[in-house]
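Participant: Please find target_26.csv (CSV, C-alpha atoms) on the next line:
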```
chain,number,residue,atom,x,y,z
O,245,MET,CA,66.9,42.6,96.1
O,246,ASN,CA,68.0,39.6,94.1
O,247,PHE,CA,67.8,39.0,90.4
O,248,ILE,CA,64.4,37.4,90.4
O,249,GLU,CA,62.8,40.3,92.3
O,250,PHE,CA,64.4,42.8,90.0
O,251,LEU,CA,63.1,40.9,86.9
O,252,THR,CA,59.6,40.7,88.4
O,253,LEU,CA,59.7,44.5,89.0
O,254,ILE,CA,60.7,45.1,85.3
O,255,LEU,CA,57.9,42.9,84.0
O,256,ALA,CA,55.3,44.6,86.3
O,257,LEU,CA,56.4,48.1,85.0
O,258,THR,CA,56.2,46.8,81.4
O,259,HIS,CA,52.7,45.6,82.0
O,260,LEU,CA,51.8,48.9,83.6
O,261,ILE,CA,53.1,50.8,80.5
O,262,ASP,CA,51.1,48.6,78.2
O,263,ASN,CA,47.9,49.1,80.1
O,264,ALA,CA,48.5,52.9,80.2
O,265,LEU,CA,48.7,53.0,76.5
O,266,SER,CA,45.9,50.7,75.7
O,267,GLY,CA,42.9,52.5,74.1
O,268,GLU,CA,45.1,55.5,73.2
O,269,TYR,CA,46.3,56.7,69.9
O,270,ARG,CA,49.5,56.7,68.0
O,271,GLN,CA,50.5,60.1,66.6
O,272,PHE,CA,51.6,60.5,63.0
O,273,ASN,CA,53.1,63.7,61.6
O,274,PHE,CA,53.2,64.3,57.9
O,275,THR,CA,56.0,66.9,57.8
O,276,SER,CA,58.3,64.8,60.0
O,277,ASN,CA,57.9,61.7,57.8
O,278,CYS,CA,57.7,63.0,54.3
O,279,ARG,CA,59.1,66.1,52.8
O,280,GLY,CA,59.9,67.2,49.3
O,281,GLY,CA,60.0,69.8,46.6
O,282,SER,CA,58.0,70.1,43.4
O,283,ASP,CA,60.0,67.3,41.7
O,284,VAL,CA,60.3,65.0,44.7
O,285,PHE,CA,57.7,62.4,45.7
O,286,GLN,CA,58.5,60.7,49.0
O,287,GLN,CA,56.8,57.6,50.4
O,288,LYS,CA,56.4,56.4,53.9
O,289,ILE,CA,54.9,53.1,55.1
O,290,LEU,CA,53.0,53.1,58.4
O,291,PHE,CA,52.1,49.7,60.0
O,292,LEU,CA,49.1,49.8,62.3
O,293,GLU,CA,48.8,47.0,64.8
O,294,GLN,CA,45.5,45.2,65.3
O,295,GLY,CA,43.3,46.9,67.9
O,296,LYS,CA,45.1,50.2,67.6
O,297,ALA,CA,44.3,53.6,66.1
O,298,ALA,CA,46.5,56.5,64.9
O,299,LEU,CA,45.9,60.3,64.8
O,300,VAL,CA,47.1,62.4,61.8
O,301,ASN,CA,46.9,65.9,63.2
O,302,GLN,CA,48.8,68.5,61.3
O,303,SER,CA,48.7,72.2,60.7
O,304,TRP,CA,50.8,74.7,58.7
O,305,ASN,CA,51.4,78.4,58.8
O,306,THR,CA,51.5,79.5,55.2
O,307,LYS,CA,54.0,82.3,56.1
O,308,TYR,CA,56.7,79.6,56.8
O,309,LEU,CA,56.0,77.2,54.0
O,310,PRO,CA,58.8,76.5,51.5
O,311,LEU,CA,58.7,78.1,48.1
O,312,ASP,CA,58.3,74.7,46.4
O,313,ASP,CA,55.3,72.4,46.9
O,314,ILE,CA,55.3,69.6,49.5
O,315,GLN,CA,54.3,66.3,48.1
O,316,CYS,CA,54.4,62.9,49.8
O,317,MET,CA,52.7,59.5,50.0
O,318,VAL,CA,51.9,57.5,53.1
O,319,MET,CA,51.1,53.8,52.8
O,320,ILE,CA,49.1,52.3,55.7
O,321,ASN,CA,49.0,48.6,56.3
O,322,THR,CA,47.5,46.6,59.2
O,323,THR,CA,49.8,44.0,60.7
O,324,THR,CA,47.2,41.2,60.5
O,325,ARG,CA,45.6,39.6,57.5
O,326,TYR,CA,42.0,39.8,58.5
O,327,SER,CA,41.8,43.4,59.8
O,328,GLY,CA,40.1,46.2,57.9
O,329,LEU,CA,40.8,49.9,58.2
O,330,PHE,CA,38.7,53.0,58.7
O,331,ALA,CA,40.0,56.4,57.8
O,332,VAL,CA,37.9,59.4,59.0
O,333,ILE,CA,38.8,63.0,58.1
O,334,GLN,CA,37.4,64.9,61.0
O,335,LYS,CA,38.7,68.4,60.1
O,336,LEU,CA,40.1,69.8,56.9
O,337,ASN,CA,40.9,73.4,56.0
O,338,PHE,CA,42.9,73.7,52.8
O,339,ARG,CA,43.4,76.5,50.2
O,340,THR,CA,41.9,76.7,46.7
O,341,LYS,CA,43.4,78.5,43.7
O,342,SER,CA,42.2,82.0,43.1
O,343,ASN,CA,41.3,81.4,39.4
O,344,GLY,CA,37.5,81.1,39.9
O,345,LYS,CA,37.6,77.4,39.0
O,346,SER,CA,37.7,76.1,42.6
O,347,GLU,CA,40.8,74.1,42.0
O,348,CYS,CA,42.6,72.7,45.0
O,349,ARG,CA,45.9,74.4,45.9
O,350,ASP,CA,46.3,72.0,48.9
O,351,TYR,CA,44.7,68.6,48.8
O,352,VAL,CA,44.7,65.1,50.0
O,353,GLN,CA,43.9,62.1,47.8
O,354,ILE,CA,43.1,58.6,49.2
O,355,LYS,CA,43.3,55.2,47.6
O,356,TYR,CA,41.5,52.4,49.5
O,357,GLY,CA,39.5,49.2,49.2
O,358,GLY,CA,41.5,47.5,46.6
O,359,GLY,CA,41.7,50.2,43.9
O,360,ASP,CA,39.2,52.9,44.7
O,361,LYS,CA,40.7,56.4,44.6
O,362,THR,CA,39.2,59.7,45.5
O,363,GLY,CA,39.6,62.9,43.7
O,364,LYS,CA,41.6,65.8,45.2
O,365,ILE,CA,39.9,66.7,48.5
O,366,CYS,CA,40.3,70.3,49.7
O,367,GLU,CA,36.7,71.2,50.7
O,368,GLU,CA,36.2,72.3,54.3
O,369,ILE,CA,35.4,69.4,56.6
O,370,GLY,CA,34.3,69.7,60.2
O,371,THR,CA,31.2,71.8,59.7
O,372,GLU,CA,27.5,71.0,59.9
O,373,ARG,CA,27.4,70.7,56.1
O,374,THR,CA,30.2,68.2,56.0
O,375,PRO,CA,30.9,67.1,59.6
O,376,ALA,CA,33.2,64.2,58.6
O,377,MET,CA,34.3,62.1,55.6
O,378,SER,CA,35.3,58.5,55.9
O,379,PHE,CA,36.9,55.7,53.8
O,380,ASN,CA,36.7,52.0,54.4
O,381,SER,CA,39.3,49.5,53.3
O,382,PRO,CA,38.3,45.9,54.1
O,383,THR,CA,41.8,44.7,53.0
O,384,GLY,CA,43.5,46.9,55.6
O,385,GLU,CA,45.6,48.7,53.0
O,386,MET,CA,45.3,52.4,52.2
O,387,SER,CA,47.5,55.1,50.7
O,388,ILE,CA,47.2,58.9,51.4
O,389,GLN,CA,48.7,61.4,49.0
O,390,LEU,CA,49.3,64.8,50.5
O,391,HIS,CA,50.0,68.0,48.4
O,392,ILE,CA,50.7,71.4,50.0
O,393,GLY,CA,51.3,74.3,47.7
O,394,GLY,CA,54.4,76.4,48.0
O,395,ARG,CA,54.5,79.9,49.5
O,396,LYS,CA,54.1,83.0,47.5
O,397,ALA,CA,55.7,86.4,48.4
O,398,GLU,CA,52.5,88.4,48.0
O,399,GLU,CA,50.3,85.9,49.9
O,400,VAL,CA,48.7,86.7,53.2
O,401,GLU,CA,49.3,84.6,56.3
O,402,GLU,CA,46.9,81.7,56.7
O,403,PHE,CA,46.6,78.5,58.8
O,404,ILE,CA,45.8,75.2,57.1
O,405,GLU,CA,45.2,71.9,58.8
O,406,ILE,CA,44.1,68.3,58.6
O,407,SER,CA,42.9,66.0,61.3
O,408,MET,CA,42.4,62.3,60.4
O,409,VAL,CA,41.9,59.1,62.4
O,410,LEU,CA,43.0,55.7,61.3
O,411,THR,CA,41.3,52.8,63.1
O,412,THR,CA,41.7,49.0,62.6
O,413,TYR,CA,38.5,46.8,62.7
O,414,ARG,CA,37.7,43.1,62.3
O,415,ASP,CA,34.9,40.6,63.1
O,416,CYS,CA,33.3,41.0,66.5
O,417,ASP,CA,34.6,39.1,69.5
O,418,ASP,CA,35.3,39.8,73.2
O,419,SER,CA,38.1,42.3,72.5
O,420,PHE,CA,36.5,43.9,69.5
O,421,ALA,CA,33.1,44.4,71.0
O,422,PHE,CA,31.6,47.5,69.4
O,423,SER,CA,30.1,47.2,65.9
O,424,CYS,CA,30.2,50.2,63.6
O,425,PHE,CA,27.4,48.7,61.4
O,426,ARG,CA,23.9,47.5,62.2
O,427,ASN,CA,24.7,43.9,61.1
O,428,ASN,CA,27.2,43.3,63.9
O,429,THR,CA,30.2,43.5,61.6
O,430,GLY,CA,33.2,45.9,61.5
O,431,CYS,CA,33.9,45.9,65.2
O,432,ILE,CA,36.4,48.2,66.9
O,433,PRO,CA,37.8,47.9,70.5
O,434,MET,CA,35.5,49.2,73.2
O,435,GLU,CA,38.3,51.6,74.4
O,436,TYR,CA,37.4,53.8,71.4
O,437,TYR,CA,33.6,53.9,72.1
O,438,ARG,CA,32.4,57.4,73.2
O,439,ASP,CA,35.9,58.8,73.5
O,440,SER,CA,35.0,62.0,71.6
O,441,VAL,CA,36.8,60.9,68.5
O,442,VAL,CA,34.9,59.4,65.5
O,443,ASN,CA,36.4,56.0,64.6
O,444,CYS,CA,33.5,54.4,62.7
O,445,ASP,CA,32.4,54.9,59.1
O,446,THR,CA,30.2,57.9,58.2
O,447,PRO,CA,27.4,58.9,58.0
O,448,LEU,CA,26.5,56.7,61.0
O,449,CYS,CA,29.5,57.6,63.3
O,450,ALA,CA,28.0,55.0,65.5
O,451,ASP,CA,30.7,55.2,68.2
O,452,GLU,CA,29.9,58.8,69.0
O,453,VAL,CA,26.7,60.8,69.5
O,454,SER,CA,27.3,62.7,66.2
O,455,CYS,CA,29.9,63.1,63.5
O,456,LEU,CA,30.7,66.6,64.7
O,457,VAL,CA,32.1,65.4,68.0
O,458,GLY,CA,35.5,64.2,66.7
O,459,GLN,CA,37.0,67.4,65.2
O,460,GLN,CA,36.6,69.2,68.6
O,461,SER,CA,39.0,66.9,70.6
O,462,VAL,CA,41.6,65.3,68.2
O,463,VAL,CA,44.3,67.6,69.6
O,464,ARG,CA,43.4,66.8,73.2
O,465,LYS,CA,43.5,63.1,72.5
O,466,THR,CA,46.9,63.4,70.9
O,467,LEU,CA,48.3,65.3,73.9
O,468,ASN,CA,46.8,62.9,76.4
O,469,SER,CA,48.5,59.9,74.6
O,470,SER,CA,51.8,61.7,74.6
O,471,ASN,CA,51.5,62.6,78.3
O,472,ILE,CA,50.7,59.1,79.4
O,473,ALA,CA,53.5,57.6,77.4
O,474,LEU,CA,56.0,60.2,78.7
O,475,SER,CA,54.8,59.6,82.3
O,476,ALA,CA,55.1,55.9,82.1
O,477,ILE,CA,58.6,56.0,80.5
O,478,THR,CA,59.8,58.5,83.0
O,479,SER,CA,58.5,56.4,85.9
O,480,PHE,CA,60.2,53.4,84.5
O,481,ILE,CA,63.6,55.2,84.1
O,482,PHE,CA,63.5,56.6,87.6
O,483,THR,CA,62.5,53.2,89.1
O,484,ALA,CA,65.3,51.5,87.2
O,485,LEU,CA,67.8,54.1,88.4
O,486,GLY,CA,66.7,53.7,92.0
O,487,VAL,CA,66.9,49.9,91.9
O,488,GLY,CA,70.3,50.1,90.2
O,489,GLY,CA,71.6,52.6,92.8
O,490,CYS,CA,70.5,50.4,95.7
O,491,LEU,CA,72.2,47.3,94.2
O,492,TRP,CA,75.4,49.3,93.6
O,493,CYS,CA,75.4,50.6,97.2
O,494,CYS,CA,74.8,47.1,98.6
O,495,TRP,CA,77.7,45.7,96.5
O,496,LYS,CA,80.1,48.5,97.4
O,497,TYR,CA,79.4,48.4,101.1
O,498,ARG,CA,78.8,44.7,101.4
O,499,TYR,CA,81.7,44.2,104.0
O,500,CYS,CA,80.3,47.0,106.2
O,501,LEU,CA,76.8,45.4,106.0
O,502,GLU,CA,78.2,42.0,107.0
O,503,GLU,CA,79.8,43.5,110.1
O,504,CYS,CA,76.7,45.5,111.0
O,505,PHE,CA,74.3,42.5,110.8
O,506,ALA,CA,76.8,39.9,112.2
O,507,GLY,CA,75.7,40.6,115.9
O,508,PRO,CA,77.7,41.6,119.0
O,509,PRO,CA,80.8,39.5,119.8
O,510,PRO,CA,80.7,37.1,122.8
O,511,THR,CA,81.5,39.0,126.1
O,512,MET,CA,84.0,37.7,128.7
O,513,ALA,CA,82.7,36.8,132.1
O,514,THR,CA,83.0,39.3,134.9
O,515,SER,CA,85.6,39.0,137.7
O,516,THR,CA,82.9,38.1,140.3
O,517,ASP,CA,81.6,35.3,138.1
O,518,GLN,CA,85.1,34.1,137.5
O,519,GLN,CA,85.7,33.9,141.3
O,520,THR,CA,82.4,32.1,142.0
O,521,ASN,CA,82.2,29.7,139.2
O,522,THR,CA,85.8,28.6,139.0
O,523,VAL,CA,86.6,25.6,136.8
O,524,PRO,CA,89.3,23.7,138.7
O,525,SER,CA,92.0,21.7,137.1
O,526,GLN,CA,91.6,18.0,136.4
O,527,GLY,CA,91.5,15.8,139.6
O,528,ALA,CA,90.6,18.6,142.0
O,529,PRO,CA,87.2,18.5,143.8
O,530,ILE,CA,84.6,20.9,142.6
O,531,GLU,CA,83.5,23.3,145.3
O,532,LEU,CA,80.3,25.1,145.0
O,533,GLN,CA,79.6,28.2,147.1
O,534,LEU,CA,76.0,28.4,147.9
O,535,PRO,CA,74.5,31.6,149.3
O,536,GLN,CA,73.5,31.5,152.9
O,537,SER,CA,69.9,31.6,153.8
O,538,PRO,CA,68.9,34.9,155.5
O,539,SER,CA,66.7,33.1,158.0
O,540,LEU,CA,69.4,30.6,159.1
O,541,ALA,CA,72.1,33.3,159.5
O,542,GLN,CA,70.0,35.4,161.8
O,543,GLN,CA,68.7,32.6,164.0
O,544,PRO,CA,71.5,32.5,166.8
O,545,SER,CA,71.5,36.2,167.2
O,546,GLN,CA,67.8,36.2,167.6
O,547,SER,CA,68.0,33.5,170.4
O,548,ARG,CA,70.6,35.4,172.3
O,549,GLN,CA,68.5,38.6,172.0
O,550,GLU,CA,65.5,36.7,173.4
O,551,ASP,CA,67.5,35.4,176.4
O,552,LYS,CA,68.5,38.9,177.4
O,553,ASP,CA,64.9,40.1,177.4
O,554,LEU,CA,63.4,37.3,179.7
O,555,PRO,CA,62.3,38.4,183.3
O,556,PRO,CA,64.1,36.9,186.4
O,557,SER,CA,62.9,33.5,187.7
O,558,TYR,CA,60.8,33.0,190.9
O,559,ASP,CA,63.7,31.3,192.8
O,560,THR,CA,65.9,34.2,192.1
O,561,LEU,CA,63.5,36.7,193.6
O,562,PHE,CA,62.6,34.6,196.7
O,563,PRO,CA,65.5,32.5,197.7
O,564,ASP,CA,64.2,31.6,201.3
O,565,LYS,CA,61.1,30.0,200.2
```
When written as structure tokens, how does the structure in this file appear?
Facilitator:
Amino acid sequence: MNFIEFLTLILALTHLIDNALSGEYRQFNFTSNCRGGSDVFQQKILFLEQGKAALVNQSWNTKYLPLDDIQCMVMINTTTRYSGLFAVIQKLNFRTKSNGKSECRDYVQIKYGGGDKTGKICEEIGTERTPAMSFNSPTGEMSIQLHIGGRKAEEVEEFIEISMVLTTYRDCDDSFAFSCFRNNTGCIPMEYYRDSVVNCDTPLCADEVSCLVGQQSVVRKTLNSSNIALSAITSFIFTALGVGGCLWCCWKYRYCLEECFAGPPPTMATSTDQQTNTVPSQGAPIELQLPQSPSLAQQPSQSRQEDKDLPPSYDTLFPDK
């Protein structure tokens, strides 16, 4: 395999990986990107490419939370100027303070659309009462503030979680073909249509049959995206190792391969051929020995045999007459 064939193989594998990941979701994890105590406020910027979507799927066991609060801010920006951004909370299960005032102990707060800011969101989302909650930023900029209260020694073990989907949108064309609104605006790629995750704005949830669909399969979509990426990368690594091993073997044993594929050496003529087709020295006549014809060689013997078998003549039998 020459360099051109090797480069062609690499480009084909790259195209295969890109196709495998198209229509899938990036995964974003809060705790791996922003951590802090009660006096620490960390900020993370997430750039979302045009035509892509990201899943924010996070859960905590309150038994293993730190004693101090966790606070962080995530800034989301689209990579293109004319792209908007949908944020849909598909499932939320946070704690409230036990003081009878329904104050949020854990909450998320979102700033979007050029200055609009929500209050502290900790109500249960993903039920028939509140199936989903969405936010629309036409500018493609959004900030998400997360606050998780610290652990208390006397507290019982609980599981809290948040599942959110971030999807870029823009004016409709061939690649952005599904409109989230009835006026043919706010289009998302067709890959996200009817994929069991709500990408469009609520209360329409036009890309799915209902707003309740999404919270049932966010985890499954995240795992599928990871498996596809892992399979594609693993295949690429093994293919590269195989091709590299073949090239190394060919280079190391190149002399043996040349001898194997050079063909058999020319053979010497046999002794019989040397005696028959002798090349004389210069000036000597060339004598060619032709094989005798079987019919000519056997003709005298056949004549003599016929003479022996003839009957005696008439004169020999009757000499007096």
Participant: Got a sec: who's within 12 Å of O:Lys364, counting all atoms listed in the file, leaving out chain neighbours fewer than 2 positions off, as a PyMOL selection string?
Facilitator: chain O and resi 338-340+346-355+361-362+366-367+388-392
Participant: Which one is closest to O:Met317: O:Tyr436, O:Ser276, O:Leu485, O:Ile289? Count all atoms listed in the file.
Facilitator: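 Comparing O:Tyr436, O:Ser276, O:Leu485, O:Ile289 against O:Met317, the winner is O:Ile289.
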Participant: With distances taken over all atoms listed in the file, which of O:Gln334, O:Ala484, O:Lys341, O:Pro382 is nearest to O:Asn443?
Facilitator: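 So, comparing all the options, the nearest one is O:Gln334.
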Participant: Would you work out the distance separating atom CA of O:Lys307 from atom CA of O:Gln286, expressed in Å to one decimal?
Facilitator: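 Result for atom CA of O:Lys307 versus atom CA of O:Gln286: 23.2 Å, one decimal.
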Participant: Work out how far atom CA of O:Thr324 is from atom CA of O:Phe425, in Å to one decimal.
Facilitator: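 If I compute the distance from atom CA of O:Phe425 to atom CA of O:Thr324, I get 21.2 Å.
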Participant: So what do you get for atom CA of O:Glu385 versus atom CA of O:Asp313, distance-wise?
Facilitator: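 Separating atom CA of O:Glu385 from atom CA of O:Asp313 is a distance of 26.3 Å.
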Participant: For O:Thr412, work out the shell of residues within 7 Å, counting all atoms listed in the file and skipping chain neighbours fewer than 3 positions away, then give it as a CSV table (one decimal) with C-alpha atoms, in the coordinates of the input.
Facilitator:
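Final output, result08.csv:
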```csv
chain,number,residue,atom,x,y,z
O,294,GLN,CA,45.5,45.2,65.3
O,295,GLY,CA,43.3,46.9,67.9
O,296,LYS,CA,45.1,50.2,67.6
O,297,ALA,CA,44.3,53.6,66.1
O,327,SER,CA,41.8,43.4,59.8
O,328,GLY,CA,40.1,46.2,57.9
O,329,LEU,CA,40.8,49.9,58.2
O,330,PHE,CA,38.7,53.0,58.7
O,432,ILE,CA,36.4,48.2,66.9
```
Participant: Skipping near chain neighbours, those fewer than 3 positions away, what residues fall within 10 Å of O:Glu435 using all atoms listed in the file, listed as a list of chain:residue names?
Facilitator: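 Near O:Glu435, the qualifying residues are O:Ser266, O:Gly267, O:Glu268, O:Gly295, O:Lys296, O:Ser419, O:Phe420, O:Ala421, O:Phe422, O:Ile432, O:Arg438, O:Asp439.
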Participant: With all atoms listed in the file as the basis for distance, which of O:Thr429, O:Thr371, O:Thr446, O:Thr383 is at the shortest distance from O:Arg325?
Facilitator: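 Closest to O:Arg325 of all the choices is O:Thr383.
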Participant: Using only C-alpha atoms for the distances, tell me which of O:Thr411, O:Ser378, O:Asn343, O:Ser454 is nearest to O:Ala298.
Facilitator: O:Thr411
Participant: Closest to O:Glu402 among O:Leu336, O:Ile481, O:Leu309, O:Val300, using all atoms listed in the file?
Facilitator: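 Looking only at the distances to O:Glu402, the closest residue turns out to be O:Leu309.
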Participant: For O:Gly394, which residue among O:Cys444, O:Ala376, O:Val453, O:Ile314 is the nearest when counting all atoms listed in the file?
Facilitator: O:Ile314
Participant: Give me, as a list in words, all polymer residues having an atom no more than 8 Å from O:Cys455, counting only C-alpha atoms and skipping those fewer than 4 positions away in the same chain.
Facilitator: Pro375, Ala376, Val442, Thr446, Pro447, Leu448 and Cys449 of chain O
Participant: Please save C-alpha atoms of the selected residues as a compact mmCIF listing (two decimals), keeping the file's coordinate frame.
Facilitator:
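Once everything was written out, this is part21.txt:
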```txt
# COMPACT_ATOMS: atom_id res chain seq x y z
CA PRO O 375 30.90 67.10 59.60
CA ALA O 376 33.20 64.20 58.60
CA VAL O 442 34.90 59.40 65.50
CA THR O 446 30.20 57.90 58.20
CA PRO O 447 27.40 58.90 58.00
CA LEU O 448 26.50 56.70 61.00
CA CYS O 449 29.50 57.60 63.30
```
Participant: Please provide as a list in words all residues within 12 Å of O:Phe272, with the sequence filter that same-chain residues fewer than 5 positions apart are discarded (counting only C-alpha atoms).
Facilitator: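 Final neighbour list, sorted by chain and number: Asn277, Cys278, Lys288, Ile289, Leu290, Phe291, Leu292, Ala297, Ala298, Leu299, Val300, Asn301, Gln302, Val318, Ile320, Ile406, Ser407, Met408, Val409, Leu410, Thr466 and Ser470 of chain O.
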